[in-house]
file upload05.cif (mmCIF, C-alpha atoms)
data_model
loop_
_atom_site.label_atom_id
_atom_site.label_comp_id
_atom_site.auth_asym_id
_atom_site.auth_seq_id
_atom_site.Cartn_x
_atom_site.Cartn_y
_atom_site.Cartn_z
CA MET X 1 -21.69 -16.87 27.58
CA ASN X 2 -18.94 -18.00 30.01
CA ASP X 3 -16.48 -15.69 31.73
CA ARG X 4 -13.75 -16.16 29.14
CA GLU X 5 -16.16 -15.49 26.27
CA THR X 6 -17.28 -12.33 28.06
CA LEU X 7 -13.64 -11.22 28.18
CA ARG X 8 -13.41 -11.64 24.41
CA ALA X 9 -16.55 -9.66 23.64
CA PRO X 10 -15.96 -6.57 21.45
CA ASP X 11 -16.75 -3.96 24.12
CA TRP X 12 -14.42 -5.59 26.66
CA VAL X 13 -11.59 -5.97 24.14
CA GLN X 14 -12.02 -2.39 22.94
CA GLU X 15 -12.00 -0.89 26.43
CA HIS X 16 -8.97 -2.77 27.71
CA LEU X 17 -6.93 -2.52 24.54
CA LEU X 18 -7.51 1.21 24.08
CA HIS X 19 -6.63 1.88 27.72
CA TRP X 20 -3.39 -0.11 27.31
CA TYR X 21 -2.58 1.74 24.09
CA ARG X 22 -3.05 5.17 25.64
CA GLU X 23 -0.61 4.20 28.39
CA THR X 24 2.07 2.48 26.30
CA ARG X 25 1.92 3.72 22.69
CA ARG X 26 5.24 4.38 20.99
CA GLU X 27 6.05 7.79 19.57
CA MET X 28 6.24 7.79 15.79
CA PRO X 29 6.45 10.82 13.47
CA TRP X 30 3.28 9.86 11.56
CA ARG X 31 1.36 9.46 14.84
CA SER X 32 2.17 12.99 15.96
CA ASP X 33 0.72 14.29 12.67
CA PRO X 34 -1.61 11.62 11.22
CA SER X 35 -2.49 13.50 8.04
CA PRO X 36 -3.75 11.33 5.15
CA TYR X 37 -0.43 11.80 3.32
CA HIS X 38 1.65 10.84 6.35
CA VAL X 39 -0.47 7.77 7.04
CA PHE X 40 -0.40 6.74 3.38
CA LEU X 41 3.38 7.13 3.19
CA SER X 42 4.11 5.35 6.47
CA GLU X 43 1.79 2.43 5.77
CA LEU X 44 3.36 1.66 2.41
CA MET X 45 6.80 1.86 4.01
CA LEU X 46 5.77 -0.36 6.93
CA GLN X 47 4.72 -3.24 4.71
CA GLN X 48 7.00 -6.12 5.84
CA THR X 49 9.40 -3.62 7.49
CA ARG X 50 10.06 -2.73 11.12
CA VAL X 51 9.09 0.65 12.57
CA GLU X 52 12.67 1.45 13.62
CA THR X 53 13.87 0.96 10.05
CA VAL X 54 11.10 3.06 8.51
CA ILE X 55 11.37 6.19 10.69
CA PRO X 56 14.50 7.75 9.08
CA TYR X 57 13.16 7.02 5.58
CA PHE X 58 9.81 8.59 6.46
CA ARG X 59 11.57 11.72 7.70
CA ARG X 60 13.70 12.00 4.56
CA PHE X 61 10.70 11.55 2.29
CA THR X 62 8.58 14.13 4.10
CA GLN X 63 11.47 16.58 4.14
CA ARG X 64 12.07 16.19 0.41
CA TRP X 65 8.38 15.85 -0.55
CA PRO X 66 6.30 17.52 2.19
CA ARG X 67 2.94 16.99 0.44
CA LEU X 68 1.31 14.32 -1.68
CA HIS X 69 1.42 16.66 -4.68
CA ASP X 70 5.19 17.05 -4.27
CA LEU X 71 5.73 13.30 -4.25
CA ALA X 72 3.50 12.86 -7.30
CA ARG X 73 5.81 15.15 -9.28
CA ALA X 74 8.94 13.14 -8.43
CA SER X 75 10.60 10.83 -10.92
CA GLU X 76 10.86 7.10 -10.33
CA GLU X 77 14.64 7.42 -10.20
CA GLU X 78 14.40 10.03 -7.43
CA VAL X 79 12.02 7.90 -5.38
CA LEU X 80 14.21 4.82 -5.77
CA GLN X 81 17.23 6.85 -4.66
CA GLU X 82 15.52 7.84 -1.40
CA TRP X 83 14.11 4.34 -0.93
CA ALA X 84 17.47 2.60 -1.40
CA GLY X 85 18.14 0.20 1.47
CA LEU X 86 14.50 -0.15 2.53
CA GLY X 87 13.97 -3.22 0.35
CA TYR X 88 10.98 -4.56 -1.58
CA TYR X 89 11.48 -1.92 -4.24
CA SER X 90 8.16 -2.58 -5.97
CA ARG X 91 6.68 -0.70 -3.00
CA ALA X 92 8.57 2.44 -4.03
CA ARG X 93 7.18 2.26 -7.55
CA ASN X 94 3.68 1.59 -6.23
CA LEU X 95 4.04 4.50 -3.83
CA LEU X 96 4.81 6.89 -6.67
CA ARG X 97 2.07 5.51 -8.93
CA ALA X 98 -0.47 5.63 -6.11
CA ALA X 99 0.46 9.24 -5.31
CA GLN X 100 0.12 10.22 -8.97
CA SER X 101 -3.23 8.43 -9.29
CA ALA X 102 -4.55 10.02 -6.07
CA VAL X 103 -3.51 13.51 -7.14
CA ALA X 104 -5.15 13.00 -10.53
CA GLN X 105 -8.47 12.37 -8.77
CA GLY X 106 -8.11 15.27 -6.35
CA GLY X 107 -6.44 13.61 -3.37
CA LEU X 108 -6.42 10.39 -1.40
CA PRO X 109 -9.86 8.78 -1.24
CA SER X 110 -11.18 8.06 2.25
CA SER X 111 -13.02 4.78 1.80
CA ALA X 112 -11.21 1.45 1.92
CA ALA X 113 -12.90 0.36 -1.31
CA GLU X 114 -11.60 3.38 -3.24
CA LEU X 115 -8.16 3.19 -1.63
CA ARG X 116 -7.82 -0.40 -2.83
CA LYS X 117 -8.01 0.83 -6.41
CA LEU X 118 -4.65 2.59 -5.99
CA PRO X 119 -1.44 0.69 -6.93
CA GLY X 120 0.14 -1.26 -4.08
CA ILE X 121 -2.78 -0.87 -1.67
CA GLY X 122 -4.41 -4.09 -0.54
CA PRO X 123 -7.06 -4.79 2.12
CA TYR X 124 -4.73 -4.23 5.08
CA THR X 125 -3.22 -0.93 3.88
CA ALA X 126 -6.63 0.35 2.80
CA GLY X 127 -8.08 -0.44 6.23
CA ALA X 128 -5.15 1.25 7.95
CA ILE X 129 -5.39 4.47 5.94
CA ALA X 130 -9.20 4.65 6.13
CA SER X 131 -9.29 4.11 9.91
CA ILE X 132 -6.19 6.05 11.01
CA ALA X 133 -6.32 8.98 8.58
CA PHE X 134 -10.07 9.30 8.04
CA GLY X 135 -11.57 7.83 11.22
CA LEU X 136 -13.66 5.20 9.44
CA PRO X 137 -14.44 1.91 11.25
CA GLU X 138 -12.56 -0.27 8.75
CA PRO X 139 -10.85 -3.49 9.90
CA LEU X 140 -7.31 -4.50 9.13
CA VAL X 141 -5.33 -7.71 9.46
CA ASP X 142 -1.54 -7.84 9.23
CA GLY X 143 0.94 -10.32 10.69
CA ASN X 144 0.77 -8.80 14.16
CA VAL X 145 -3.03 -8.75 14.16
CA GLU X 146 -3.16 -12.34 12.88
CA ARG X 147 -1.09 -13.45 15.85
CA VAL X 148 -3.13 -11.53 18.43
CA LEU X 149 -6.51 -12.69 17.15
CA CYS X 150 -5.49 -16.32 16.55
CA ARG X 151 -4.22 -16.55 20.12
CA LEU X 152 -7.11 -14.62 21.64
CA ASP X 153 -9.73 -16.88 20.03
CA GLY X 154 -7.68 -20.07 19.77
CA LEU X 155 -8.18 -19.97 16.02
CA GLY X 156 -6.49 -22.84 14.19
CA GLY X 157 -5.52 -23.19 10.57
CA ASP X 158 -3.20 -21.16 8.38
CA PRO X 159 -4.13 -17.46 8.78
CA LYS X 160 -3.01 -16.76 5.22
CA LYS X 161 -5.53 -19.13 3.67
CA GLY X 162 -9.20 -19.90 3.21
CA PRO X 163 -11.55 -20.20 6.20
CA THR X 164 -9.04 -18.99 8.79
CA ARG X 165 -8.26 -15.84 6.81
CA LYS X 166 -11.97 -15.12 6.38
CA ALA X 167 -12.58 -15.70 10.09
CA LEU X 168 -9.79 -13.28 11.02
CA TRP X 169 -11.19 -10.49 8.85
CA ALA X 170 -14.68 -11.11 10.20
CA ARG X 171 -13.38 -10.95 13.77
CA ALA X 172 -11.40 -7.76 13.05
CA ALA X 173 -14.54 -6.19 11.57
CA GLU X 174 -16.53 -7.21 14.65
CA LEU X 175 -13.96 -5.68 17.01
CA VAL X 176 -13.20 -2.32 15.35
CA PRO X 177 -15.26 0.38 17.10
CA GLU X 178 -17.17 3.25 15.53
CA ASP X 179 -15.31 5.60 17.89
CA GLN X 180 -11.48 5.73 17.69
CA PRO X 181 -11.11 3.04 15.01
CA GLY X 182 -7.63 4.26 14.10
CA ASP X 183 -6.36 4.07 17.66
CA PHE X 184 -7.92 0.63 18.09
CA ASN X 185 -6.33 -0.76 14.92
CA GLN X 186 -2.96 0.69 15.89
CA ALA X 187 -3.39 -0.81 19.36
CA LEU X 188 -3.93 -4.27 17.86
CA MET X 189 -0.77 -3.94 15.77
CA GLU X 190 1.16 -2.48 18.70
CA LEU X 191 0.13 -5.35 20.95
CA GLY X 192 1.41 -7.86 18.41
CA ALA X 193 4.67 -5.97 17.96
CA LEU X 194 5.50 -5.33 21.62
CA VAL X 195 3.73 -8.01 23.69
CA CYS X 196 2.19 -10.82 21.64
CA SER X 197 5.47 -11.63 19.89
CA PRO X 198 6.04 -14.79 17.81
CA LYS X 199 8.37 -16.29 20.42
CA LYS X 200 8.15 -15.90 24.19
CA PRO X 201 5.13 -13.57 24.25
CA LYS X 202 4.81 -11.39 27.35
CA CYS X 203 1.40 -12.73 28.37
CA GLY X 204 1.71 -11.26 31.88
CA ALA X 205 1.79 -7.76 30.36
CA CYS X 206 -1.08 -8.34 27.92
CA PRO X 207 -4.35 -6.44 28.56
CA LEU X 208 -6.31 -9.25 26.85
CA SER X 209 -4.75 -12.24 28.61
CA GLY X 210 -7.80 -12.76 30.84
CA GLY X 211 -9.86 -13.83 27.84
CA CYS X 212 -7.09 -15.40 25.73
CA VAL X 213 -7.72 -19.02 24.73
CA ALA X 214 -4.03 -19.61 23.99
CA VAL X 215 -3.10 -18.45 27.50
CA SER X 216 -5.77 -20.69 29.06
CA LEU X 217 -4.29 -23.64 27.16
CA GLY X 218 -0.79 -22.71 28.30
CA GLN X 219 0.33 -22.82 24.64
CA PRO X 220 0.55 -19.25 23.30
CA GLU X 221 3.18 -20.18 20.72
CA ARG X 222 0.92 -22.85 19.26
CA PHE X 223 -0.98 -20.10 17.45
CA PRO X 224 -1.10 -19.03 14.68
CA GLU X 225 -0.66 -22.31 12.82
CA THR X 226 1.41 -20.88 9.99
CA ALA X 227 3.04 -23.04 7.37
CA PRO X 228 6.82 -23.42 7.85
CA ARG X 229 8.76 -20.83 5.89
CA LYS X 230 10.80 -22.13 2.98
CA LYS X 231 14.54 -21.74 3.25
CA PRO X 232 15.96 -19.06 0.95
CA LYS X 233 17.38 -20.44 -2.28
CA PRO X 234 21.20 -20.16 -2.36
CA VAL X 235 22.60 -18.10 -5.24
CA GLN X 236 26.24 -17.36 -6.10
CA ARG X 237 27.28 -14.15 -7.88
CA ALA X 238 30.65 -12.72 -8.84
CA VAL X 239 30.95 -8.93 -8.97
CA ALA X 240 33.68 -6.55 -10.07
CA VAL X 241 34.94 -3.40 -8.40
CA ILE X 242 36.39 -1.41 -11.31
CA ARG X 243 37.92 1.87 -10.14
CA LYS X 244 39.57 4.88 -11.62
CA GLY X 245 40.82 6.88 -8.68
CA LYS X 246 37.73 7.32 -6.52
CA GLN X 247 35.26 6.54 -9.29
CA VAL X 248 33.49 3.18 -9.37
CA LEU X 249 31.82 1.62 -12.37
CA LEU X 250 28.17 0.70 -11.77
CA ALA X 251 25.54 -1.07 -13.86
CA LYS X 252 21.85 -0.35 -13.85
CA ARG X 253 19.57 -3.35 -13.45
CA PRO X 254 16.79 -3.97 -16.00
CA ASP X 255 13.56 -2.02 -15.58
CA THR X 256 11.61 -5.17 -14.73
CA GLY X 257 12.12 -8.02 -12.29
CA LEU X 258 13.92 -8.17 -8.94
CA LEU X 259 15.35 -4.77 -7.86
CA ALA X 260 14.31 -3.27 -11.18
CA GLY X 261 16.06 0.00 -12.05
CA MET X 262 18.49 -0.16 -9.13
CA TRP X 263 22.27 0.27 -9.46
CA GLU X 264 24.82 -2.44 -8.68
CA LEU X 265 28.36 -3.51 -9.45
CA PRO X 266 28.81 -5.30 -12.78
CA GLY X 267 28.86 -9.06 -12.63
CA GLY X 268 26.64 -12.07 -12.92
CA GLU X 269 25.42 -15.32 -11.46
CA VAL X 270 27.84 -18.20 -11.05
CA THR X 271 26.43 -21.66 -11.65
CA GLU X 272 29.54 -23.66 -10.80
CA GLU X 273 31.72 -23.40 -7.69
CA GLY X 274 35.40 -22.57 -8.06
CA VAL X 275 35.05 -20.71 -11.36
CA GLU X 276 33.90 -17.33 -10.02
CA LEU X 277 36.77 -15.34 -11.47
CA ASP X 278 36.65 -16.97 -14.92
CA ALA X 279 32.89 -16.48 -15.08
CA LEU X 280 33.23 -12.85 -14.07
CA VAL X 281 35.89 -12.13 -16.68
CA ASP X 282 33.68 -13.72 -19.36
CA THR X 283 30.67 -11.67 -18.21
CA LEU X 284 32.59 -8.39 -18.23
CA HIS X 285 34.01 -9.09 -21.65
CA ALA X 286 30.60 -9.98 -23.10
CA ARG X 287 28.71 -7.05 -21.58
CA LEU X 288 31.38 -4.37 -21.47
CA GLY X 289 34.11 -5.44 -23.83
CA PHE X 290 36.36 -5.39 -20.76
CA VAL X 291 39.81 -6.91 -21.21
CA GLY X 292 41.69 -5.59 -18.15
CA ALA X 293 43.50 -7.91 -15.76
CA PRO X 294 41.99 -8.58 -12.34
CA GLY X 295 43.71 -7.40 -9.23
CA VAL X 296 42.94 -8.90 -5.83
CA ARG X 297 40.06 -10.88 -4.42
CA LEU X 298 38.47 -8.50 -1.91
CA GLY X 299 36.31 -11.00 -0.10
CA THR X 300 32.85 -12.51 0.12
CA VAL X 301 29.61 -10.77 1.05
CA VAL X 302 26.39 -12.57 1.98
CA HIS X 303 22.98 -10.94 1.65
CA THR X 304 19.64 -12.64 2.38
CA PHE X 305 16.35 -11.76 0.72
CA THR X 306 13.07 -13.37 1.74
CA HIS X 307 13.46 -16.04 -0.93
CA LEU X 308 17.19 -15.85 -1.80
CA ARG X 309 20.48 -16.15 0.06
CA MET X 310 23.02 -14.44 -2.17
CA THR X 311 26.76 -15.01 -1.80
CA LEU X 312 28.80 -12.40 -3.68
CA HIS X 313 32.43 -13.05 -4.59
CA VAL X 314 34.10 -9.66 -4.91
CA TYR X 315 37.10 -8.99 -7.18
CA GLU X 316 38.89 -5.78 -8.02
CA PHE X 317 39.85 -5.00 -11.60
CA GLY X 318 42.05 -2.32 -13.06
CA HIS X 319 40.48 0.54 -14.99
CA THR X 320 39.67 0.10 -18.66
CA ALA X 321 39.69 3.07 -21.02
CA LYS X 322 37.04 1.51 -23.25
CA THR X 323 34.01 3.72 -23.86
CA VAL X 324 31.00 2.61 -21.88
CA GLU X 325 27.40 2.92 -23.03
CA PRO X 326 25.94 5.61 -20.73
CA HIS X 327 22.49 4.06 -20.49
CA GLN X 328 23.87 0.90 -18.93
CA TRP X 329 26.97 1.86 -16.94
CA TYR X 330 27.63 4.69 -14.54
CA THR X 331 30.94 6.20 -13.43
CA GLY X 332 29.91 9.64 -12.31
CA VAL X 333 30.03 9.37 -8.52
CA CYS X 334 33.13 10.31 -6.56
CA TRP X 335 33.43 7.84 -3.72
CA THR X 336 35.23 9.00 -0.60
CA SER X 337 33.43 6.23 1.28
CA ALA X 338 30.77 3.66 0.44
CA GLY X 339 28.20 5.72 2.31
CA GLN X 340 28.38 8.69 -0.07
CA ALA X 341 26.19 7.13 -2.72
CA ARG X 342 22.72 7.96 -1.49
CA GLU X 343 22.16 10.06 -4.58
CA LEU X 344 22.00 6.74 -6.45
CA GLY X 345 19.45 4.00 -5.93
CA LEU X 346 21.95 1.37 -4.83
CA THR X 347 20.94 -2.14 -3.86
CA THR X 348 21.67 -2.99 -0.22
CA TYR X 349 24.06 -5.78 -1.16
CA THR X 350 26.02 -3.35 -3.35
CA ARG X 351 26.45 -1.07 -0.35
CA LYS X 352 27.82 -4.04 1.58
CA VAL X 353 30.25 -4.87 -1.22
CA LEU X 354 31.44 -1.25 -1.46
CA SER X 355 32.04 -1.23 2.29
CA VAL X 356 34.34 -4.22 1.81
CA ALA X 357 36.02 -2.60 -1.20
CA PHE X 358 36.74 0.68 0.53
CA GLU X 359 37.85 -0.94 3.74
CA GLU X 360 40.20 -3.37 2.06
CA GLY X 361 41.16 -1.67 -1.19
CA GLU X 362 43.00 1.42 -2.29
CA GLN X 363 40.96 4.59 -1.64
CA SER X 364 42.90 7.13 -3.65
#

call {"tool": "encode", "arguments": {"input": "upload05.cif", "output": "structure tokens"}}
result
Amino acid sequence: MNDRETLRAPDWVQEHLLHWYRETRREMPWRSDPSPYHVFLSELMLQQTRVETVIPYFRRFTQRWPRLHDLARASEEEVLQEWAGLGYYSRARNLLRAAQSAVAQGGLPSSAAELRKLPGIGPYTAGAIASIAFGLPEPLVDGNVERVLCRLDGLGGDPKKGPTRKALWARAAELVPEDQPGDFNQALMELGALVCSPKKPKCGACPLSGGCVAVSLGQPERFPETAPRKKPKPVQRAVAVIRKGKQVLLAKRPDTGLLAGMWELPGGEVTEEGVELDALVDTLHARLGFVGAPGVRLGTVVHTFTHLRMTLHVYEFGHTAKTVEPHQWYTGVCWTSAGQARELGLTTYTRKVLSVAFEEGEQS
């Protein structure tokens, strides 16, 4: 074993990484009280979402539902309301279903194998909960860990696929210690988040740089060899702001598909440029029986999902007195500003549109 291999051996990596973590770890509310419920809640929230974004949502959830049993008794609508703006809304539904399933069996299971049987919990989340909340030496591999381990070992190939993915999980299992597995796994993720970043990694501040193959090659950004991300598909929508005083008409999305069950402004997709207003009038008439005349064009709002880049053309319409089916349309919120709608599960792009509407339009 040469010097660099020695510096990648499990005991060396564990010692140096844990020492670095004790000195530099960030304060997070679930770290100060790593109960199984707190770890479970934070890990589902942290899937594909930054720590800074998650913290206020975590605090609101734990204030409203302090225990797993409290969350399990919540309705889906209530959970979606609190989750609004965090994105990837299937996670909110899985969170509720997982809580209900765990409570039905007496509480959160401790083993990764049993945790994986809960909705929305895959290998990574199961490893995180088992190691951090229950102190079990279970490995985990997320995007940050992929980057650290691919660079440390000079591991080529796409980390999301086949042999490379298997090699990463095997390496993570080899590294996780029997003692302090939760701290070690958090240290790996922390290193990827703070030091071993995708671009311009801070190799001089890395506790593992002495054994890092990517550093020795002088090409840290060469790893991991991920496939190029596809550009989001462009989509055009036209939406209507229909007001009566400070009330705004909202539509509830279907219970399946993208953003299922969330609330948004009425409208629809536009397949041809330059006909946004005509298409919107046709949509409102077909779905609502709306026949009112449009007012002003309020502007354009752009919102990007992982796979979609949505451009919303926003128009204001006068109020219609036509009766609206209550299960599909909602008028019951008094808007003094776009921010006063947290009691509804609003899509993020709807919040953006309402900000435009209340900045540019009449507010009384």

call {"tool": "closest_atom_pairs", "arguments": {"input": "upload05.cif", "of": "stretch 133-186 of chain X", "to": "stretch 196-205 of chain X", "cutoff": "12 Å", "atoms": "only C-alpha atoms", "output": "CSV"}}
result
residue,atom,partner,partner_atom,distance
X:Gly143,CA,X:Pro198,CA,9.8
X:Asn144,CA,X:Cys196,CA,7.9
X:Val145,CA,X:Cys196,CA,9.4
X:Glu146,CA,X:Cys196,CA,10.4
X:Arg147,CA,X:Cys196,CA,7.2
X:Val148,CA,X:Cys196,CA,6.3
X:Leu149,CA,X:Cys196,CA,10.0
X:Cys150,CA,X:Cys196,CA,10.7
X:Arg151,CA,X:Cys196,CA,8.7
X:Leu152,CA,X:Cys196,CA,10.0

call {"tool": "resolve_selection", "arguments": {"input": "upload05.cif", "expression": "the PyMOL selection byres ((chain X and resi 116-131) around 7)", "output": "ChimeraX atom specification"}}
result
/X:39-40,43,91,94-95,97-98,101,110-115,132-142,181-182

call {"tool": "closest_residue", "arguments": {"input": "upload05.cif", "among": "X:Asp33, X:Met189, X:Thr300, X:Glu77", "to": "X:Thr62", "atoms": "all atoms listed in the file"}}
result
X:Asp33

call {"tool": "resolve_selection", "arguments": {"input": "upload05.cif", "expression": "the PyMOL selection byres ((chain X and resi 305-308) around 9)", "output": "list of chain:residue names"}}
result
X:Gly87, X:Lys230, X:Lys231, X:Pro232, X:Lys233, X:Pro234, X:Val235, X:His303, X:Thr304, X:Arg309, X:Met310

call {"tool": "closest_residue", "arguments": {"input": "upload05.cif", "among": "X:Glu23, X:Glu82, X:Glu178, X:Glu221", "to": "X:Tyr57", "atoms": "only C-alpha atoms"}}
result
X:Glu82

call {"tool": "resolve_selection", "arguments": {"input": "upload05.cif", "expression": "the PyMOL selection byres ((chain X and resi 68) around 12)", "output": "MDAnalysis selection string"}}
result
chainID X and resid 35:41 61:67 69:74 95:104 106:108

call {"tool": "write_last_selection", "arguments": {"input": "upload05.cif", "atoms": "C-alpha atoms", "output": "mmCIF file, keeping the file's coordinate frame"}}
result
data_model
loop_
_atom_site.group_PDB
_atom_site.id
_atom_site.type_symbol
_atom_site.label_atom_id
_atom_site.label_comp_id
_atom_site.auth_asym_id
_atom_site.auth_seq_id
_atom_site.Cartn_x
_atom_site.Cartn_y
_atom_site.Cartn_z
ATOM 1 C CA SER X 35 -2.490 13.500 8.040
ATOM 2 C CA PRO X 36 -3.750 11.330 5.150
ATOM 3 C CA TYR X 37 -0.430 11.800 3.320
ATOM 4 C CA HIS X 38 1.650 10.840 6.350
ATOM 5 C CA VAL X 39 -0.470 7.770 7.040
ATOM 6 C CA PHE X 40 -0.400 6.740 3.380
ATOM 7 C CA LEU X 41 3.380 7.130 3.190
ATOM 8 C CA PHE X 61 10.700 11.550 2.290
ATOM 9 C CA THR X 62 8.580 14.130 4.100
ATOM 10 C CA GLN X 63 11.470 16.580 4.140
ATOM 11 C CA ARG X 64 12.070 16.190 0.410
ATOM 12 C CA TRP X 65 8.380 15.850 -0.550
ATOM 13 C CA PRO X 66 6.300 17.520 2.190
ATOM 14 C CA ARG X 67 2.940 16.990 0.440
ATOM 15 C CA HIS X 69 1.420 16.660 -4.680
ATOM 16 C CA ASP X 70 5.190 17.050 -4.270
ATOM 17 C CA LEU X 71 5.730 13.300 -4.250
ATOM 18 C CA ALA X 72 3.500 12.860 -7.300
ATOM 19 C CA ARG X 73 5.810 15.150 -9.280
ATOM 20 C CA ALA X 74 8.940 13.140 -8.430
ATOM 21 C CA LEU X 95 4.040 4.500 -3.830
ATOM 22 C CA LEU X 96 4.810 6.890 -6.670
ATOM 23 C CA ARG X 97 2.070 5.510 -8.930
ATOM 24 C CA ALA X 98 -0.470 5.630 -6.110
ATOM 25 C CA ALA X 99 0.460 9.240 -5.310
ATOM 26 C CA GLN X 100 0.120 10.220 -8.970
ATOM 27 C CA SER X 101 -3.230 8.430 -9.290
ATOM 28 C CA ALA X 102 -4.550 10.020 -6.070
ATOM 29 C CA VAL X 103 -3.510 13.510 -7.140
ATOM 30 C CA ALA X 104 -5.150 13.000 -10.530
ATOM 31 C CA GLY X 106 -8.110 15.270 -6.350
ATOM 32 C CA GLY X 107 -6.440 13.610 -3.370
ATOM 33 C CA LEU X 108 -6.420 10.390 -1.400
#

call {"tool": "atom_distance", "arguments": {"input": "upload05.cif", "atom1": "atom CA of X:Lys252", "atom2": "atom CA of X:Thr271"}}
result
21.9 Å

call {"tool": "atom_distance", "arguments": {"input": "upload05.cif", "atom1": "atom CA of X:Gly156", "atom2": "atom CA of X:Cys212"}}
result
13.7 Å

call {"tool": "residues_around", "arguments": {"input": "upload05.cif", "residues": "X:Val301", "least_positions_apart": "6", "cutoff": "9 Å", "atoms": "only C-alpha atoms", "output": "MDAnalysis selection string"}}
result
chainID X and resid 310:314 349 352:353 356
